[in-house]
Structure formats: structure tokens, C-alpha cells
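Colleague: One file is attached below, protein.cif, containing mmCIF, C-alpha atoms.
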data_work
loop_
_atom_site.label_atom_id
_atom_site.label_comp_id
_atom_site.auth_asym_id
_atom_site.auth_seq_id
_atom_site.Cartn_x
_atom_site.Cartn_y
_atom_site.Cartn_z
CA MET A 1 1.72 -1.70 -21.04
CA LYS A 2 2.36 -2.14 -17.32
CA THR A 3 -0.40 -1.17 -14.88
CA LYS A 4 -0.29 -0.54 -11.17
CA THR A 5 -1.57 -3.16 -8.76
CA LEU A 6 -5.03 -2.34 -7.44
CA SER A 7 -4.63 -2.86 -3.71
CA PRO A 8 -5.57 0.48 -2.07
CA THR A 9 -8.46 0.50 0.37
CA THR A 10 -10.58 3.40 -0.88
CA ALA A 11 -12.54 3.48 -4.11
CA GLU A 12 -11.00 6.84 -4.98
CA GLU A 13 -7.49 5.40 -4.72
CA LYS A 14 -8.55 2.35 -6.74
CA SER A 15 -9.98 4.43 -9.57
CA SER A 16 -6.87 6.62 -9.72
CA ASP A 17 -4.86 3.51 -10.68
CA LEU A 18 -6.98 2.70 -13.73
CA ASP A 19 -5.67 3.15 -17.25
CA LYS A 20 -7.49 3.55 -20.57
CA PHE A 21 -7.85 -0.22 -21.00
CA ASP A 22 -9.44 -0.61 -17.57
CA TYR A 23 -11.93 2.18 -18.26
CA ALA A 24 -12.76 0.73 -21.67
CA ILE A 25 -13.37 -2.69 -20.12
CA LEU A 26 -15.59 -1.21 -17.41
CA GLN A 27 -17.61 0.83 -19.91
CA LEU A 28 -18.17 -2.14 -22.20
CA LEU A 29 -19.13 -4.48 -19.35
CA GLN A 30 -21.62 -1.90 -18.03
CA LYS A 31 -23.34 -1.97 -21.41
CA ASP A 32 -23.19 -5.74 -21.93
CA ALA A 33 -21.74 -7.98 -19.25
CA SER A 34 -22.52 -11.04 -21.37
CA LEU A 35 -19.63 -10.24 -23.75
CA SER A 36 -17.25 -13.16 -23.96
CA ASN A 37 -13.70 -12.49 -22.86
CA VAL A 38 -12.53 -12.93 -26.47
CA ALA A 39 -15.06 -10.35 -27.75
CA LEU A 40 -14.21 -7.95 -24.91
CA ALA A 41 -10.48 -8.31 -25.58
CA GLU A 42 -11.02 -7.61 -29.26
CA LYS A 43 -13.05 -4.46 -28.54
CA VAL A 44 -10.38 -3.03 -26.21
CA ASN A 45 -7.47 -4.17 -28.38
CA LEU A 46 -5.87 -6.56 -25.87
CA SER A 47 -5.04 -10.24 -26.00
CA ALA A 48 -7.65 -12.49 -24.41
CA PRO A 49 -5.37 -13.56 -21.51
CA ALA A 50 -4.40 -9.94 -20.75
CA CYS A 51 -8.03 -8.89 -20.84
CA LEU A 52 -9.07 -11.72 -18.52
CA ARG A 53 -6.31 -10.78 -16.04
CA ARG A 54 -7.55 -7.18 -16.03
CA VAL A 55 -11.17 -8.20 -15.48
CA GLU A 56 -10.14 -10.47 -12.59
CA ARG A 57 -8.04 -7.67 -11.10
CA LEU A 58 -10.98 -5.25 -11.36
CA LYS A 59 -13.19 -7.80 -9.58
CA GLN A 60 -10.63 -8.42 -6.83
CA ALA A 61 -10.27 -4.68 -6.31
CA GLY A 62 -14.03 -4.40 -5.80
CA LEU A 63 -14.61 -2.22 -8.85
CA ILE A 64 -16.79 -4.92 -10.42
CA LYS A 65 -19.20 -5.98 -7.68
CA GLY A 66 -21.08 -8.61 -9.65
CA THR A 67 -22.64 -9.56 -12.94
CA VAL A 68 -26.42 -9.59 -13.28
CA ALA A 69 -29.20 -9.89 -15.81
CA LEU A 70 -31.45 -6.83 -16.09
CA LEU A 71 -35.03 -8.08 -16.09
CA ASN A 72 -38.11 -6.52 -17.69
CA PRO A 73 -40.22 -5.30 -14.73
CA GLU A 74 -43.44 -5.01 -16.75
CA ALA A 75 -43.15 -8.58 -18.02
CA LEU A 76 -42.68 -9.76 -14.42
CA ASN A 77 -45.65 -7.85 -12.91
CA ALA A 78 -43.48 -5.19 -11.27
CA GLY A 79 -44.11 -2.32 -13.68
CA MET A 80 -45.20 0.32 -11.16
CA VAL A 81 -42.47 2.37 -9.53
CA VAL A 82 -43.23 4.01 -6.20
CA ILE A 83 -40.84 6.45 -4.54
CA ILE A 84 -41.46 6.78 -0.82
CA GLY A 85 -40.25 9.51 1.49
CA VAL A 86 -40.02 8.42 5.13
CA VAL A 87 -39.73 10.63 8.22
CA LEU A 88 -38.81 8.94 11.49
CA ASP A 89 -40.28 10.08 14.80
CA ARG A 90 -36.80 10.18 16.41
CA SER A 91 -33.29 10.70 15.08
CA THR A 92 -31.43 8.22 17.24
CA PRO A 93 -28.94 5.58 16.16
CA GLN A 94 -31.32 2.87 17.39
CA SER A 95 -34.34 4.22 15.49
CA PHE A 96 -32.27 4.42 12.31
CA ALA A 97 -30.93 0.88 12.82
CA ASP A 98 -34.40 -0.52 13.51
CA PHE A 99 -35.86 1.13 10.42
CA GLU A 100 -32.99 0.04 8.16
CA LEU A 101 -33.26 -3.57 9.27
CA ALA A 102 -37.03 -3.61 8.67
CA ALA A 103 -36.75 -1.81 5.30
CA GLN A 104 -34.62 -4.66 3.95
CA HIS A 105 -37.65 -6.95 4.26
CA ILE A 106 -40.20 -4.80 2.43
CA SER A 107 -41.54 -6.62 -0.64
CA GLY A 108 -40.38 -5.03 -3.87
CA CYS A 109 -38.00 -2.57 -2.19
CA MET A 110 -35.23 -1.98 -4.71
CA GLU A 111 -33.38 0.85 -2.97
CA CYS A 112 -33.35 2.65 0.36
CA HIS A 113 -31.22 5.73 1.02
CA VAL A 114 -30.60 7.96 4.03
CA VAL A 115 -31.13 11.47 2.68
CA THR A 116 -30.92 15.09 3.68
CA GLY A 117 -33.83 17.50 3.58
CA GLU A 118 -37.50 16.91 4.31
CA PHE A 119 -37.21 13.13 4.68
CA ASP A 120 -34.90 10.82 6.58
CA TYR A 121 -35.10 8.07 3.92
CA MET A 122 -36.11 7.68 0.32
CA MET A 123 -37.12 4.23 -0.87
CA MET A 124 -37.77 2.96 -4.37
CA LEU A 125 -40.23 0.10 -4.67
CA ARG A 126 -41.57 -1.88 -7.59
CA THR A 127 -44.99 -3.43 -7.52
CA LYS A 128 -47.64 -4.58 -9.99
CA ASP A 129 -50.21 -1.79 -9.76
CA ASN A 130 -52.14 0.56 -7.44
CA GLN A 131 -54.02 -2.28 -5.81
CA SER A 132 -50.87 -4.26 -5.01
CA PHE A 133 -49.22 -1.10 -3.66
CA ASN A 134 -52.23 -0.40 -1.42
CA LYS A 135 -51.93 -3.93 -0.03
CA LEU A 136 -48.17 -3.52 0.50
CA HIS A 137 -48.79 -0.18 2.23
CA ALA A 138 -51.43 -1.61 4.56
CA GLU A 139 -49.57 -4.83 5.38
CA GLN A 140 -45.93 -3.73 5.50
CA LEU A 141 -45.18 -0.03 5.22
CA LEU A 142 -47.52 1.00 8.03
CA PHE A 143 -45.67 -1.36 10.37
CA LEU A 144 -42.15 -0.03 9.77
CA PRO A 145 -40.67 0.86 13.18
CA GLY A 146 -40.26 4.46 14.28
CA VAL A 147 -42.03 6.00 11.31
CA ARG A 148 -43.85 9.32 11.80
CA GLN A 149 -44.73 9.98 8.16
CA ILE A 150 -44.71 8.18 4.81
CA ARG A 151 -45.28 10.05 1.55
CA SER A 152 -45.70 8.03 -1.63
CA PHE A 153 -45.02 9.19 -5.17
CA MET A 154 -46.28 6.96 -8.00
CA GLY A 155 -44.21 6.91 -11.16
CA LEU A 156 -46.31 7.77 -14.21
CA ARG A 157 -43.74 7.25 -16.94
CA GLN A 158 -40.07 6.31 -16.87
CA VAL A 159 -37.92 8.90 -18.59
CA LEU A 160 -34.49 7.48 -17.73
CA SER A 161 -33.18 4.43 -15.94
CA THR A 162 -29.62 3.25 -16.18
CA THR A 163 -27.18 1.06 -14.30
CA GLN A 164 -24.19 2.65 -16.04
CA LEU A 165 -21.96 4.82 -13.88
CA PRO A 166 -20.55 7.94 -15.55
CA PHE A 167 -16.75 8.15 -15.81
#
Before we go any further, please render this structure as C-alpha cells.
Modeller:
Amino acid sequence: MKTKTLSPTTAEEKSSDLDKFDYAILQLLQKDASLSNVALAEKVNLSAPACLRRVERLKQAGLIKGTVALLNPEALNAGMVVIIGVVLDRSTPQSFADFELAAQHISGCMECHVVTGEFDYMMMLRTKDNQSFNKLHAEQLLFLPGVRQIRSFMGLRQVLSTTQLPF
């Protein structure tokens, strides 16, 4: 089966060129990226060389950004999830740039998003416990530039967490 070359510049254009084999490969790798090429090829009903070419093409097209190991946060003393809403005192390009640069250096910060609504940013942090979060708050969060307000939400119990994109 011949597939189109994945060379377009937008993700939307890239995904429109995918066929059923590409989607199957992506779904399987999202579930278990440690699958050998031979095992992956068998599961999607392709030869190993054809499967490897497709995986390499998906990487080159930027659809596979990397391969990682998902670690157990509790076992590594990072079991507490804290969601933080941040309001900046000004909405200027410089205040946003200053905050975003500083946010990248916050210990345990897993995600930071510009959002609409009540907050300018939402951050997701992982830390050991209340005491370690209080220390992080006092030593780092309070010194983020341009911040007017920080509201913290402690996770009580994880209901869902996934790295798998729906498609």
C-alpha cells in the first residue's frame, strides 16, 4: 500500500496524510513505546522493514516527538499534585515573557498553560507533600515576576491521567 509523503508544515495537514497503518502504529506506541519493531510490525500486520520506515517517517514528520518512560510519582516522592492558577498584574507581552521564562525553573512544574477565564496561567506541579509544597511556595512561587495572585488547588485523588491522545 502506497502512502503519501509527510512533508506538510502544519500538524493538521500531517495528520490528514495518515492511513490506517500509521494510526495503528501511533495507538500502539502510545500504549507501549517499548514494543520492539518486530512486535509492532506483527501487531499492525506489516513487515518489519516497512513498519520501521513508517515509524521513522512519523518521527521525521514530528508526529512522534520522543519516547519516554512513565515514572511512578509516589515511588519517587512526587505524589502530590498541585494545580495553580496565576493572575498577572499586567497583560503586556513583556510581563508574559518574564513569567513564562521564570515558570520554566519552578521545581516540580510539569505543565504551564496560558488560559482564558479567571486566570492568566494554569500550572501543574508535583511535589512530595504539603510541607514540601509550602516550602516551594515560600521560596519560589512567591518570587515569580509580575504575579498579582496565586491560587493553589491540592489534588486529593487522581481519577484519570493519560498520555494517550484521542484519535
Colleague: Please, what distance in Å, to one decimal, runs between atom CA of Thr116 of chain A and atom CA of Asp98 of chain A?
Modeller: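 Separation of atom CA of Thr116 of chain A and atom CA of Asp98 of chain A: 18.8 Å.
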Colleague: Might you pull out every residue within 12 Å of Leu46 of chain A, with only C-alpha atoms counted and same-chain residues fewer than 4 positions away left off, and present them as a list in words?
Modeller: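 Near neighbours after the sequence-gap exclusion: Met1, Lys20, Phe21, Asp22, Ala24, Ile25, Asn37, Val38, Ala39, Leu40, Ala41, Glu42, Ala50, Cys51, Leu52, Arg53, Arg54 and Val55 of chain A.
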Colleague: With C-alpha atoms retained, write the just-selected residues as a short mmCIF file (atom, residue, chain, number, x, y, z; two decimals), keeping the file's coordinate frame.
Modeller:
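Ended up saving to again_31.cif:
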data_model
loop_
_atom_site.label_atom_id
_atom_site.label_comp_id
_atom_site.auth_asym_id
_atom_site.auth_seq_id
_atom_site.Cartn_x
_atom_site.Cartn_y
_atom_site.Cartn_z
CA MET A 1 1.72 -1.70 -21.04
CA LYS A 20 -7.49 3.55 -20.57
CA PHE A 21 -7.85 -0.22 -21.00
CA ASP A 22 -9.44 -0.61 -17.57
CA ALA A 24 -12.76 0.73 -21.67
CA ILE A 25 -13.37 -2.69 -20.12
CA ASN A 37 -13.70 -12.49 -22.86
CA VAL A 38 -12.53 -12.93 -26.47
CA ALA A 39 -15.06 -10.35 -27.75
CA LEU A 40 -14.21 -7.95 -24.91
CA ALA A 41 -10.48 -8.31 -25.58
CA GLU A 42 -11.02 -7.61 -29.26
CA ALA A 50 -4.40 -9.94 -20.75
CA CYS A 51 -8.03 -8.89 -20.84
CA LEU A 52 -9.07 -11.72 -18.52
CA ARG A 53 -6.31 -10.78 -16.04
CA ARG A 54 -7.55 -7.18 -16.03
CA VAL A 55 -11.17 -8.20 -15.48
#
Colleague: In terms of the shortest atom-to-atom distance over only C-alpha atoms, which of A:Pro166, A:Gly108, A:Gly85, A:Pro49 is closest to Lys128 of chain A?
Modeller: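 When distances to Lys128 of chain A are compared using only C-alpha atoms, the smallest one comes from A:Gly108.
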Colleague: Between atom CA of Val82 of chain A and atom CA of Met124 of chain A, measure the distance and give it in Å to one decimal.
Modeller: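 Going from atom CA of Val82 of chain A over to atom CA of Met124 of chain A covers 5.9 Å.
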Colleague: From the set A:Val68, A:Ile83, A:Leu165, A:Val114, which residue has the shortest atom-to-atom contact distance to Ser152 of chain A, counting all atoms listed in the file?
Modeller: A:Ile83
Colleague: Grab the atom CA of Leu35 of chain A to atom CA of Thr67 of chain A distance for me, in Å with one decimal place.
Modeller: 11.2 Å
Colleague: Would you mind telling me which residue in A:His113, A:Arg126, A:Arg148, A:Lys135 lies nearest to Ala78 of chain A when using only C-alpha atoms?
Modeller: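 Using only C-alpha atoms, the shortest distance to Ala78 of chain A belongs to A:Arg126.
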Colleague: Starting from the displayed file, determine the output of the PyMOL selection byres ((chain A and resi 140) around 10) and express the residue list as a PDB file with C-alpha atoms, in the frame of the given file.
Modeller:
ATOM      1  CA  ALA A 102     -37.030  -3.610   8.670  1.00  0.00           C
ATOM      2  CA  ALA A 103     -36.750  -1.810   5.300  1.00  0.00           C
ATOM      3  CA  HIS A 105     -37.650  -6.950   4.260  1.00  0.00           C
ATOM      4  CA  ILE A 106     -40.200  -4.800   2.430  1.00  0.00           C
ATOM      5  CA  SER A 107     -41.540  -6.620  -0.640  1.00  0.00           C
ATOM      6  CA  ASN A 134     -52.230  -0.400  -1.420  1.00  0.00           C
ATOM      7  CA  LYS A 135     -51.930  -3.930  -0.030  1.00  0.00           C
ATOM      8  CA  LEU A 136     -48.170  -3.520   0.500  1.00  0.00           C
ATOM      9  CA  HIS A 137     -48.790  -0.180   2.230  1.00  0.00           C
ATOM     10  CA  ALA A 138     -51.430  -1.610   4.560  1.00  0.00           C
ATOM     11  CA  GLU A 139     -49.570  -4.830   5.380  1.00  0.00           C
ATOM     12  CA  LEU A 141     -45.180  -0.030   5.220  1.00  0.00           C
ATOM     13  CA  LEU A 142     -47.520   1.000   8.030  1.00  0.00           C
ATOM     14  CA  PHE A 143     -45.670  -1.360  10.370  1.00  0.00           C
ATOM     15  CA  LEU A 144     -42.150  -0.030   9.770  1.00  0.00           C
TER      16      LEU A 144
END
Colleague: Under the rule that all atoms listed in the file are counted, which of A:Asp129, A:Thr92, A:Phe99, A:Cys112 is the nearest residue to Leu76 of chain A?
Modeller: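 Smallest separation from Leu76 of chain A among the options: A:Asp129.
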Colleague: What lies within 12 Å of Ala69 of chain A using only C-alpha atoms, ignoring chain neighbours under 5 positions off, as number ranges by chain?
Modeller: A: 29-34, 163
Colleague: Which one of A:Val115, A:Leu26, A:Leu125, A:Leu70 sits closest to Val44 of chain A if you count all atoms listed in the file?
Modeller: A:Leu26
Colleague: Need the shell around Arg151 of chain A: protein/DNA/RNA residues with any atom at most 10 Å away, counting only C-alpha atoms. Skip same-chain ones fewer than 4 positions apart. Format as a list in words?
Modeller: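 My reading of the contact set: Ile83, Ile84, Gly85, Val86, Val87, Phe119 and Met122 of chain A.
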